[in-house]
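Peer 1: Coordinates in data.cif, mmCIF, C-alpha atoms, are listed below.
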```
data_start
#
loop_
_atom_site.label_atom_id
_atom_site.label_comp_id
_atom_site.auth_asym_id
_atom_site.auth_seq_id
_atom_site.Cartn_x
_atom_site.Cartn_y
_atom_site.Cartn_z
CA MET A 1 0.00 0.00 0.00
CA VAL A 2 1.37 3.42 -1.01
CA LEU A 3 1.67 5.99 1.77
CA GLU A 4 -0.57 9.03 1.23
CA ALA A 5 0.15 12.26 3.03
CA ILE A 6 -2.60 14.07 1.11
CA ARG A 7 -6.05 12.74 0.23
CA TYR A 8 -8.15 14.97 -1.99
CA THR A 9 -11.45 14.79 -3.80
CA PRO A 10 -13.36 17.92 -4.85
CA GLY A 11 -14.79 19.43 -1.68
CA ASN A 12 -12.77 17.24 0.69
CA LEU A 13 -9.14 17.45 1.80
CA GLN A 14 -7.50 15.24 4.41
CA VAL A 15 -3.86 15.45 5.49
CA LEU A 16 -1.97 12.84 7.45
CA ASN A 17 -1.09 14.32 10.85
CA GLN A 18 2.65 13.74 10.81
CA LEU A 19 3.08 14.83 14.41
CA LYS A 20 1.49 11.52 15.44
CA LEU A 21 3.73 9.34 13.28
CA PRO A 22 5.19 6.76 13.46
CA HIS A 23 2.90 5.41 16.18
CA GLN A 24 -0.52 6.59 14.95
CA GLU A 25 -1.89 7.15 11.47
CA GLU A 26 -4.55 9.83 11.76
CA TYR A 27 -5.92 12.11 9.03
CA ASP A 28 -7.07 15.64 9.78
CA GLU A 29 -9.79 17.18 7.66
CA VAL A 30 -8.91 20.61 6.28
CA ARG A 31 -11.93 22.74 5.36
CA SER A 32 -10.44 26.16 4.62
CA ALA A 33 -7.35 28.20 3.83
CA GLU A 34 -7.09 28.99 7.54
CA GLY A 35 -7.15 25.28 8.32
CA GLY A 36 -4.42 24.73 5.73
CA TRP A 37 -2.34 27.55 7.21
CA HIS A 38 -2.46 25.98 10.67
CA ALA A 39 -1.73 22.45 9.37
CA ILE A 40 1.41 23.83 7.71
CA LYS A 41 2.52 26.15 10.51
CA GLU A 42 2.05 23.47 13.17
CA MET A 43 3.94 20.98 10.96
CA ARG A 44 1.10 18.47 10.85
CA THR A 45 1.98 18.52 7.17
CA ARG A 46 5.49 19.40 6.01
CA GLY A 47 7.94 19.08 3.16
CA ALA A 48 8.28 21.85 0.56
CA PRO A 49 6.26 20.17 -2.24
CA ALA A 50 3.55 18.92 0.13
CA ILE A 51 2.91 22.22 1.87
CA ALA A 52 2.45 23.99 -1.47
CA ILE A 53 -0.11 21.37 -2.51
CA VAL A 54 -1.92 21.40 0.84
CA ALA A 55 -2.07 25.20 0.78
CA ALA A 56 -3.49 25.24 -2.74
CA LEU A 57 -6.03 22.50 -2.06
CA SER A 58 -7.13 23.95 1.29
CA LEU A 59 -8.22 27.08 -0.56
CA ALA A 60 -9.86 24.97 -3.27
CA VAL A 61 -11.98 23.22 -0.63
CA GLU A 62 -12.98 26.56 0.87
CA LEU A 63 -13.95 27.92 -2.54
CA GLN A 64 -16.04 24.83 -3.26
CA SER A 65 -18.04 25.26 -0.05
CA THR A 66 -18.37 29.05 0.13
CA LYS A 67 -20.96 31.27 -1.53
CA LEU A 68 -18.96 33.86 -3.46
CA SER A 69 -19.68 36.86 -5.62
CA ASP A 70 -20.81 36.36 -9.20
CA LYS A 71 -18.25 38.95 -10.31
CA ALA A 72 -15.01 37.50 -11.64
CA GLU A 73 -12.80 40.35 -10.42
CA GLU A 74 -14.14 40.11 -6.84
CA VAL A 75 -13.49 36.37 -6.71
CA GLN A 76 -10.04 36.97 -8.18
CA ALA A 77 -9.24 39.45 -5.40
CA PHE A 78 -10.54 37.05 -2.74
CA ILE A 79 -8.39 34.18 -4.01
CA ILE A 80 -5.21 36.24 -4.33
CA GLU A 81 -5.62 37.61 -0.80
CA LYS A 82 -6.03 34.07 0.55
CA LEU A 83 -2.94 32.86 -1.36
CA GLN A 84 -0.84 35.68 0.08
CA TYR A 85 -2.02 34.70 3.56
CA LEU A 86 -1.10 31.03 2.99
CA VAL A 87 2.47 31.95 1.97
CA THR A 88 3.10 33.35 5.47
CA SER A 89 2.78 29.86 7.01
CA ARG A 90 6.31 28.75 5.96
CA PRO A 91 8.27 31.57 4.28
CA THR A 92 11.51 29.65 3.59
CA ALA A 93 9.95 27.05 1.29
CA VAL A 94 9.92 28.52 -2.21
CA ASN A 95 7.41 25.96 -3.58
CA LEU A 96 4.65 27.63 -1.58
CA ALA A 97 5.40 31.13 -2.88
CA ASP A 98 5.92 29.76 -6.38
CA ALA A 99 2.55 28.00 -6.36
CA SER A 100 0.88 31.14 -5.03
CA ARG A 101 2.36 33.25 -7.81
CA LYS A 102 1.40 30.81 -10.57
CA LEU A 103 -2.09 30.22 -9.24
CA SER A 104 -2.60 33.99 -8.94
CA LYS A 105 -1.63 34.34 -12.59
CA ILE A 106 -4.06 31.60 -13.63
CA VAL A 107 -6.87 33.25 -11.67
CA SER A 108 -6.08 36.68 -13.14
CA ASN A 109 -6.11 35.27 -16.67
CA ALA A 110 -9.40 33.48 -16.02
CA ALA A 111 -10.99 36.68 -14.72
CA LYS A 112 -9.99 38.54 -17.90
CA GLN A 113 -11.69 36.06 -20.22
CA GLY A 114 -14.78 37.31 -22.00
CA GLY A 115 -17.96 36.19 -20.26
CA SER A 116 -16.12 35.08 -17.14
CA ASP A 117 -17.88 35.10 -13.79
CA GLY A 118 -17.16 34.05 -10.23
CA LYS A 119 -17.83 30.38 -10.92
CA SER A 120 -15.49 30.19 -13.91
CA VAL A 121 -12.67 31.77 -11.90
CA VAL A 122 -13.20 29.27 -9.07
CA LYS A 123 -13.19 26.39 -11.57
CA ALA A 124 -9.93 27.58 -13.15
CA TYR A 125 -8.31 27.76 -9.72
CA CYS A 126 -9.59 24.40 -8.46
CA ASP A 127 -8.61 22.58 -11.65
CA ALA A 128 -5.08 23.98 -11.47
CA ALA A 129 -4.69 23.16 -7.76
CA ALA A 130 -5.85 19.57 -8.31
CA GLN A 131 -3.39 19.18 -11.20
CA MET A 132 -0.52 20.03 -8.84
CA LEU A 133 -1.21 16.83 -6.91
CA ILE A 134 -1.03 14.73 -10.07
CA ASP A 135 2.07 16.41 -11.50
CA ASP A 136 4.10 16.14 -8.30
CA VAL A 137 4.05 12.33 -8.31
CA SER A 138 5.30 12.05 -11.90
CA ASP A 139 8.00 14.67 -11.23
CA ASN A 140 9.19 12.75 -8.18
CA GLN A 141 9.40 9.47 -10.06
CA ALA A 142 11.52 11.19 -12.71
CA ILE A 143 13.78 12.65 -9.99
CA GLY A 144 14.22 9.17 -8.53
CA LYS A 145 15.08 7.71 -11.93
CA TYR A 146 17.64 10.37 -12.88
CA GLY A 147 19.24 10.39 -9.45
CA ALA A 148 19.63 6.60 -9.32
CA GLU A 149 21.10 6.54 -12.84
CA TRP A 150 23.60 9.30 -12.00
CA ILE A 151 24.79 7.60 -8.82
CA THR A 152 25.25 4.16 -10.40
CA LYS A 153 26.98 5.65 -13.44
CA THR A 154 29.35 7.62 -11.23
CA VAL A 155 30.17 4.79 -8.83
CA GLY A 156 30.17 1.85 -11.23
CA GLU A 157 29.03 -1.73 -10.80
CA GLY A 158 27.65 -3.16 -7.57
CA ARG A 159 25.14 -2.12 -4.96
CA VAL A 160 25.62 1.15 -3.13
CA SER A 161 24.44 2.74 0.10
CA VAL A 162 23.04 6.25 0.49
CA LEU A 163 22.69 8.57 3.49
CA THR A 164 19.74 10.96 3.63
CA HIS A 165 18.53 13.68 6.00
CA CYS A 166 15.11 14.84 7.22
CA ASN A 167 12.11 13.41 5.34
CA THR A 168 11.79 13.75 1.58
CA GLY A 169 9.49 10.85 0.74
CA SER A 170 5.79 10.26 0.23
CA LEU A 171 5.08 12.16 3.44
CA ALA A 172 6.82 15.32 2.18
CA THR A 173 5.36 15.27 -1.33
CA ALA A 174 2.29 14.08 -3.19
CA GLY A 175 3.95 10.66 -3.40
CA TYR A 176 7.22 8.73 -3.99
CA GLY A 177 9.51 11.54 -2.85
CA THR A 178 12.58 13.46 -3.99
CA ALA A 179 15.75 12.34 -2.18
CA LEU A 180 13.89 9.33 -0.79
CA GLY A 181 12.59 8.79 -4.32
CA VAL A 182 16.20 8.29 -5.43
CA ILE A 183 16.60 5.68 -2.70
CA ARG A 184 13.33 4.02 -3.73
CA SER A 185 14.50 3.91 -7.35
CA LEU A 186 17.86 2.38 -6.41
CA HIS A 187 16.07 -0.21 -4.29
CA GLY A 188 13.59 -0.99 -7.04
CA ASN A 189 16.46 -1.57 -9.46
CA GLY A 190 18.25 -3.91 -7.05
CA GLN A 191 21.12 -1.41 -6.76
CA LEU A 192 20.68 -0.36 -3.12
CA LYS A 193 22.74 -2.02 -0.40
CA ARG A 194 21.41 0.06 2.49
CA ALA A 195 19.82 3.42 3.25
CA PHE A 196 21.07 5.39 6.23
CA CYS A 197 18.87 8.13 7.69
CA THR A 198 19.64 10.75 10.32
CA GLU A 199 17.17 11.27 13.14
CA THR A 200 17.08 15.00 12.19
CA ARG A 201 16.84 16.94 15.42
CA PRO A 202 15.03 18.75 16.84
CA TYR A 203 11.78 17.60 15.19
CA ASN A 204 13.03 14.09 14.41
CA GLN A 205 11.61 13.91 10.90
CA GLY A 206 14.21 11.26 10.10
CA SER A 207 13.51 8.91 12.99
CA ARG A 208 9.74 9.48 12.95
CA LEU A 209 8.97 9.80 9.25
CA THR A 210 11.80 8.61 7.00
CA ALA A 211 12.39 5.53 9.14
CA PHE A 212 8.63 4.90 9.06
CA GLU A 213 8.60 5.03 5.24
CA LEU A 214 11.68 2.82 4.89
CA VAL A 215 10.25 0.18 7.21
CA HIS A 216 6.87 0.43 5.44
CA ASP A 217 8.51 -0.20 2.05
CA LYS A 218 10.80 -2.94 3.43
CA ILE A 219 13.93 -1.09 2.32
CA PRO A 220 17.07 -2.13 4.27
CA ALA A 221 17.84 0.85 6.43
CA THR A 222 19.72 2.04 9.49
CA LEU A 223 18.98 5.06 11.69
CA ILE A 224 21.78 7.24 13.08
CA THR A 225 21.87 10.41 15.16
CA ASP A 226 22.83 13.61 13.35
CA SER A 227 26.19 13.68 15.15
CA MET A 228 27.17 10.20 13.88
CA ALA A 229 27.36 11.10 10.18
CA SER A 230 31.10 11.77 10.00
CA ALA A 231 31.92 8.64 11.98
CA LEU A 232 29.63 6.64 9.69
CA LEU A 233 31.47 7.80 6.56
CA LYS A 234 34.89 7.20 8.12
CA LEU A 235 34.24 3.85 9.81
CA LYS A 236 31.63 2.24 7.54
CA GLY A 237 31.86 4.18 4.30
CA ARG A 238 33.98 1.65 2.44
CA GLU A 239 32.37 -1.44 3.98
CA GLU A 240 28.84 -0.24 3.17
CA ARG A 241 29.83 1.40 -0.15
CA ILE A 242 28.28 4.73 0.84
CA ALA A 243 28.32 6.46 -2.53
CA ALA A 244 26.33 9.60 -1.83
CA ILE A 245 24.47 11.80 0.60
CA VAL A 246 21.19 12.80 -1.04
CA VAL A 247 19.00 15.50 0.51
CA GLY A 248 15.94 17.48 -0.49
CA ALA A 249 15.59 21.25 -0.64
CA ASP A 250 13.23 23.98 0.48
CA ARG A 251 14.80 26.58 -1.80
CA VAL A 252 17.61 26.51 -4.35
CA ALA A 253 19.03 29.94 -5.18
CA ALA A 254 20.08 30.92 -8.71
CA ASN A 255 23.73 30.11 -7.98
CA GLY A 256 22.89 26.67 -6.51
CA ASP A 257 23.11 27.58 -2.81
CA THR A 258 20.49 25.40 -1.13
CA ALA A 259 18.32 25.97 1.93
CA ASN A 260 17.24 22.73 3.54
CA LYS A 261 16.54 21.27 6.96
CA ILE A 262 19.01 22.34 9.63
CA GLY A 263 21.95 19.92 9.66
CA THR A 264 22.25 19.68 5.87
CA TYR A 265 25.23 22.04 5.69
CA GLN A 266 27.33 19.94 8.06
CA LEU A 267 26.55 16.83 6.00
CA ALA A 268 27.87 18.56 2.88
CA VAL A 269 31.07 19.49 4.71
CA THR A 270 31.70 15.94 5.88
CA ALA A 271 30.80 14.53 2.45
CA ARG A 272 33.48 16.68 0.83
CA PHE A 273 36.09 15.68 3.44
CA HIS A 274 35.35 11.98 2.93
CA SER A 275 35.11 12.18 -0.89
CA VAL A 276 31.42 11.20 -0.93
CA LYS A 277 29.11 12.77 -3.51
CA PHE A 278 26.64 15.31 -2.12
CA MET A 279 23.43 15.63 -4.13
CA VAL A 280 20.33 17.81 -3.84
CA ALA A 281 17.08 16.30 -5.16
CA ALA A 282 14.33 18.81 -5.91
CA PRO A 283 11.73 19.63 -8.56
CA ARG A 284 12.36 22.76 -10.60
CA THR A 285 9.62 24.54 -8.68
CA THR A 286 12.13 24.64 -5.80
CA ILE A 287 14.66 26.58 -7.90
CA ASP A 288 14.28 30.29 -7.19
CA LEU A 289 15.97 32.24 -9.97
CA GLN A 290 14.87 35.50 -8.35
CA THR A 291 17.13 34.84 -5.36
CA PRO A 292 20.78 35.30 -6.42
CA SER A 293 22.38 33.35 -3.57
CA GLY A 294 21.75 31.75 -0.21
CA ALA A 295 22.57 35.03 1.55
CA GLU A 296 19.16 36.35 0.47
CA ILE A 297 17.13 33.37 1.73
CA GLU A 298 14.98 34.07 4.78
CA ILE A 299 15.61 31.42 7.44
CA GLU A 300 12.65 30.60 9.65
CA GLU A 301 13.37 30.37 13.37
CA ARG A 302 11.06 28.26 15.46
CA ALA A 303 10.12 28.05 19.14
CA GLY A 304 12.80 26.92 21.55
CA LYS A 305 10.48 24.39 23.16
CA GLU A 306 10.83 22.21 20.05
CA MET A 307 14.39 21.57 21.20
CA THR A 308 13.87 21.42 24.96
CA PHE A 309 10.81 19.14 25.02
CA ILE A 310 10.00 15.90 23.26
CA LYS A 311 6.66 14.15 22.83
CA GLY A 312 5.86 10.46 22.44
CA PRO A 313 3.75 7.54 23.66
CA ARG A 314 4.36 6.07 27.09
CA PHE A 315 6.70 3.04 27.26
CA ASP A 316 6.29 0.66 30.19
CA GLY A 317 9.49 -1.26 29.55
CA VAL A 318 7.78 -3.81 27.32
CA ASP A 319 5.11 -2.14 25.19
CA LEU A 320 4.19 1.28 23.84
CA ASP A 321 0.89 2.71 25.06
CA VAL A 322 -0.12 4.96 22.15
CA SER A 323 -3.24 6.06 24.02
CA HIS A 324 -1.04 7.96 26.48
CA VAL A 325 1.14 10.56 24.77
CA GLU A 326 3.42 12.48 27.09
CA THR A 327 5.63 15.55 26.74
CA VAL A 328 8.99 15.29 28.49
CA SER A 329 11.53 18.00 29.27
CA ILE A 330 15.03 17.09 28.00
CA ALA A 331 16.96 20.29 28.74
CA ALA A 332 17.84 22.45 31.72
CA THR A 333 15.09 24.93 32.57
CA GLY A 334 16.09 28.48 31.74
CA ILE A 335 18.67 27.70 29.05
CA ASP A 336 18.58 29.98 25.99
CA VAL A 337 17.78 28.25 22.69
CA TRP A 338 18.61 29.07 19.07
CA ASN A 339 16.40 27.02 16.78
CA PRO A 340 16.71 27.81 13.05
CA ALA A 341 14.60 25.43 10.98
CA PHE A 342 16.97 25.51 7.99
CA ASP A 343 20.55 26.16 6.99
CA VAL A 344 22.10 27.06 3.63
CA THR A 345 24.60 24.75 1.93
CA PRO A 346 26.98 26.63 -0.41
CA ALA A 347 26.87 25.54 -4.04
CA GLU A 348 30.61 24.82 -3.82
CA LEU A 349 29.82 21.75 -1.70
CA ILE A 350 27.07 20.37 -3.96
CA ASP A 351 28.02 17.91 -6.73
CA GLY A 352 24.70 17.88 -8.56
CA ILE A 353 21.08 19.00 -8.41
CA ILE A 354 18.65 16.25 -9.39
CA THR A 355 15.52 17.59 -11.12
CA GLU A 356 12.62 16.00 -12.98
CA VAL A 357 14.42 16.59 -16.31
CA GLY A 358 17.88 15.40 -15.33
CA VAL A 359 20.87 16.10 -13.11
CA VAL A 360 22.34 19.60 -13.29
CA GLU A 361 26.11 19.50 -12.91
CA LYS A 362 28.60 22.35 -12.69
CA GLY A 363 30.13 23.79 -15.81
CA PRO A 364 33.86 24.16 -16.58
CA ASP A 365 33.89 27.27 -14.40
CA GLY A 366 32.82 25.20 -11.37
CA LYS A 367 29.45 26.91 -11.14
CA PHE A 368 25.84 25.82 -11.68
CA ASP A 369 23.86 27.37 -14.51
CA LEU A 370 20.21 27.04 -13.56
CA THR A 371 18.87 29.46 -16.16
CA PHE A 372 17.74 26.47 -18.28
CA ALA A 373 14.58 26.54 -16.18
CA MET A 374 13.92 30.28 -16.51
CA GLU A 375 11.30 30.30 -19.27
CA ALA A 376 9.48 27.16 -18.14
CA HIS A 377 9.68 28.15 -14.47
CA ASN A 378 7.83 31.39 -15.10
CA ASP A 379 5.18 30.04 -17.48
CA GLY A 380 2.11 28.22 -16.25
CA LEU A 381 1.70 26.14 -13.14
CA LYS A 382 4.03 23.31 -14.14
CA PRO A 383 7.23 23.81 -16.12
CA VAL A 384 7.48 21.90 -19.36
CA THR A 385 10.41 19.61 -20.04
CA ILE A 386 13.33 21.27 -21.77
CA GLY A 387 15.39 18.44 -23.21
CA ALA A 388 18.39 17.03 -21.37
CA VAL A 389 20.21 18.91 -18.66
#
```
Show how you would write the structure in this file as structure tokens.

Peer 2:
Amino acid sequence: MVLEAIRYTPGNLQVLNQLKLPHQEEYDEVRSAEGGWHAIKEMRTRGAPAIAIVAALSLAVELQSTKLSDKAEEVQAFIIEKLQYLVTSRPTAVNLADASRKLSKIVSNAAKQGGSDGKSVVKAYCDAAAQMLIDDVSDNQAIGKYGAEWITKTVGEGRVSVLTHCNTGSLATAGYGTALGVIRSLHGNGQLKRAFCTETRPYNQGSRLTAFELVHDKIPATLITDSMASALLKLKGREERIAAIVVGADRVAANGDTANKIGTYQLAVTARFHSVKFMVAAPRTTIDLQTPSGAEIEIEERAGKEMTFIKGPRFDGVDLDVSHVETVSIAATGIDVWNPAFDVTPAELIDGIITEVGVVEKGPDGKFDLTFAMEAHNDGLKPVTIGAV
């Protein structure tokens, strides 16, 4: 059975509450843009592609159940205002802002059509939002395919192992995943020896979510703490044939600098020291050509209690009691906390960016040229394929 983080039919949206994983699978119904905003902000749904889709569909559900004006321009203004509000839920993830911009353009074009009314504008929006869900799965499968091919071609014959960070699978996307999609593709081809995943403090997306997906799919996998990565590469890198560290992205700047879950930067540093390839897997909607470098990326900072407290079901020494979830303090009371949700990995430390049309490598000058996506990225909701990369 394929894991579904997002379940949508016209008029109904349900998102898997990822705060309760891996011990409980519970879907929350989202009825409005406000409900979508809170699901994203509270991290009941997360992952750059998934939050863009949930945001778009939460507004679609609201539009389908709300009596609106018959005037196209009034409905257009209502939708654009709601989209701008949704973007404030997670400002670092470019997919959300990108979807908002493209959907706003679609709505504006629909409102300008001769004979348009409120209903036709709503239909144009809802059709486009629903298409995002479909397109994301096919894009992820392509990312998995290209990433697996690049790794096996670079390393040569034999099975390889891969280390990944945070959660970039079916739970972070519409399905299959980006970096975890590469691992799934390697496994499906019989080319994966083992997947290693970091626990990803402080929210533990690796131990709660990625480990959950790997166990669900019966992929051979091992969990490590974030601080074990360098030791893993040094002590087990050759034995396990660890060929690459593959991560996702929340925003890729025009020069290739990449914002991703906190802890990504240090993985890139240790990958370079140990001569292990460091790859970013992301759809082109994550590439932000309007942001020149990582220095311009806004980094979200979250509440300190996410680091000083931890939540989970009670363990009596033998069994887990999932009916009793407890919050436990794990830090000294009164300690100051710095809790950035993301860090920026310099392009210099990235060997390739895996997209749905191929792997972008650096040119002879040692720099990424991501302008190949410029025209497609700014036209329509989903970029068209532009040949090989």

Peer 1: Given the file above and the PyMOL selection byres ((chain A and resi 196) around 9), which residues are selected, and can you give them as a list in words?

Peer 2: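 Applying the PyMOL selection byres ((chain A and resi 196) around 9) to the structure shown produces Ser161, Val162, Leu163, Thr164, His165, Arg194, Ala195, Cys197, Thr198, Pro220, Ala221, Thr222, Leu223 and Ile224 of chain A.
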
Peer 1: I'd like a table as a tab-separated table: residues in stretch 100-183 of chain A with an atom no more than 6 Å from stretch 341-357 of chain A, each row giving the shortest atom pair and its distance in Å to one decimal, all atoms listed in the file counted, sorted by chain and rising residue number.

Peer 2:
```
residue	atom	partner	partner_atom	distance
A:Asp139	CA	A:Glu356	CA	5.1
A:Ala142	CA	A:Glu356	CA	4.9
A:Ile143	CA	A:Glu356	CA	4.6
A:Gly147	CA	A:Ile354	CA	5.9
```

Peer 1: Can I get the selection written as a short mmCIF file (atom, residue, chain, number, x, y, z; two decimals), keeping the file's coordinate frame, with C-alpha atoms?

Peer 2:
```cif
data_model
loop_
_atom_site.label_atom_id
_atom_site.label_comp_id
_atom_site.auth_asym_id
_atom_site.auth_seq_id
_atom_site.Cartn_x
_atom_site.Cartn_y
_atom_site.Cartn_z
CA ASP A 139 8.00 14.67 -11.23
CA ALA A 142 11.52 11.19 -12.71
CA ILE A 143 13.78 12.65 -9.99
CA GLY A 147 19.24 10.39 -9.45
#
```

Peer 1: Between atom CA of A:Pro91 and atom CA of A:Lys112, what distance in Å does the model show, to one decimal?

Peer 2: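 Taking atom CA of A:Pro91 and atom CA of A:Lys112, their separation equals 29.6 Å.
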
Peer 1: Could you state the separation of atom CA of A:Val246 and atom CA of A:Thr264 in Å, given to one decimal place?

Peer 2: 9.8 Å

Peer 1: Tell me which protein, DNA and RNA residues are within 7 Å of stretch 38-47 of chain A, counting only C-alpha atoms, leaving out same-chain ones fewer than 3 positions away, and put them as a list in words.

Peer 2: Val15, Leu16, Asn17, Gln18, Leu19, Glu34, Gly35, Ala50, Ile51, Ser89, Arg90, Thr168, Ala172 and Thr173 of chain A

Peer 1: As number ranges by chain, please: the residues near A:Thr92 (cut-off 12 Å, only C-alpha atoms, same-chain neighbours under 2 positions excluded).

Peer 2: A: 41, 47-48, 51-52, 87-90, 94-98, 249-253, 258-261, 286, 288, 291, 294, 296-302, 340-344

Peer 1: Using Å and a single decimal, report how far atom CA of A:Tyr8 sits from atom CA of A:Gly118.

Peer 2: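 Atom CA of A:Tyr8 lies 22.7 Å from atom CA of A:Gly118.
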
Peer 1: As a check of understanding, name the residues that the PyMOL selection byres ((chain A and resi 132) around 9) selects in the supplied structure, as a list of chain:residue names.

Peer 2: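 Applying the expression gives A:Ala52, A:Ile53, A:Ala56, A:Ala99, A:Asp127, A:Ala128, A:Ala129, A:Ala130, A:Gln131, A:Leu133, A:Ile134, A:Asp135, A:Asp136, A:Val137, A:Ala174, A:Leu381, A:Lys382.
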
Peer 1: Starting from the displayed file, determine the output of the PyMOL selection byres ((chain A and resi 311-322) around 10) and express the residue list as an NGL selection string.

Peer 2: :A and (19-24 or 203 or 306 or 309-310 or 323-329)

Peer 1: Go through A:Leu180, A:Val155, A:Ala303, A:Val269 one by one, measure the shortest atom-to-atom distance of each to A:Ala243 using all atoms listed in the file, and give the residue with the smallest value.

Peer 2: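 Answer, going by the shortest atom-to-atom distance: A:Val155.
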
Peer 1: Return the single residue from A:Gly248, A:Pro202, A:Gly237, A:Gly156 that is closest to A:Ala179, with distances computed using all atoms listed in the file.

Peer 2: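 Using all atoms listed in the file, the shortest distance to A:Ala179 belongs to A:Gly248.
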
Peer 1: Please complete stretch 282-295 of chain A with N, CA and C atoms and give it back as an mmCIF file, keeping the file's coordinate frame.

Peer 2:
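selection-v8.cif written:
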```cif
data_model
loop_
_atom_site.group_PDB
_atom_site.id
_atom_site.type_symbol
_atom_site.label_atom_id
_atom_site.label_comp_id
_atom_site.auth_asym_id
_atom_site.auth_seq_id
_atom_site.Cartn_x
_atom_site.Cartn_y
_atom_site.Cartn_z
ATOM 1 N N ALA A 282 15.434 17.852 -6.034
ATOM 2 C CA ALA A 282 14.330 18.810 -5.910
ATOM 3 C C ALA A 282 13.687 19.072 -7.266
ATOM 4 N N PRO A 283 12.376 19.232 -7.304
ATOM 5 C CA PRO A 283 11.730 19.630 -8.560
ATOM 6 C C PRO A 283 12.112 21.062 -8.910
ATOM 7 N N ARG A 284 11.959 21.421 -10.168
ATOM 8 C CA ARG A 284 12.360 22.760 -10.600
ATOM 9 C C ARG A 284 11.542 23.865 -9.942
ATOM 10 N N THR A 285 10.387 23.527 -9.401
ATOM 11 C CA THR A 285 9.620 24.540 -8.680
ATOM 12 C C THR A 285 10.343 25.016 -7.424
ATOM 13 N N THR A 286 11.356 24.264 -6.984
ATOM 14 C CA THR A 286 12.130 24.640 -5.800
ATOM 15 C C THR A 286 13.270 25.586 -6.159
ATOM 16 N N ILE A 287 13.592 25.682 -7.449
ATOM 17 C CA ILE A 287 14.660 26.580 -7.900
ATOM 18 C C ILE A 287 14.112 27.994 -7.988
ATOM 19 N N ASP A 288 14.732 28.898 -7.261
ATOM 20 C CA ASP A 288 14.280 30.290 -7.190
ATOM 21 C C ASP A 288 15.291 31.176 -7.905
ATOM 22 N N LEU A 289 15.047 31.431 -9.176
ATOM 23 C CA LEU A 289 15.970 32.240 -9.970
ATOM 24 C C LEU A 289 15.943 33.710 -9.592
ATOM 25 N N GLN A 290 14.962 34.106 -8.790
ATOM 26 C CA GLN A 290 14.870 35.500 -8.350
ATOM 27 C C GLN A 290 15.736 35.763 -7.120
ATOM 28 N N THR A 291 16.243 34.701 -6.513
ATOM 29 C CA THR A 291 17.130 34.840 -5.360
ATOM 30 C C THR A 291 18.553 34.523 -5.794
ATOM 31 N N PRO A 292 19.430 35.509 -5.866
ATOM 32 C CA PRO A 292 20.780 35.300 -6.420
ATOM 33 C C PRO A 292 21.608 34.259 -5.681
ATOM 34 N N SER A 293 21.542 34.262 -4.348
ATOM 35 C CA SER A 293 22.380 33.350 -3.570
ATOM 36 C C SER A 293 21.700 33.027 -2.237
ATOM 37 N N GLY A 294 22.310 32.141 -1.494
ATOM 38 C CA GLY A 294 21.750 31.750 -0.210
ATOM 39 C C GLY A 294 21.713 32.884 0.800
ATOM 40 N N ALA A 295 22.537 33.906 0.604
ATOM 41 C CA ALA A 295 22.570 35.030 1.550
ATOM 42 C C ALA A 295 21.237 35.760 1.606
#
```
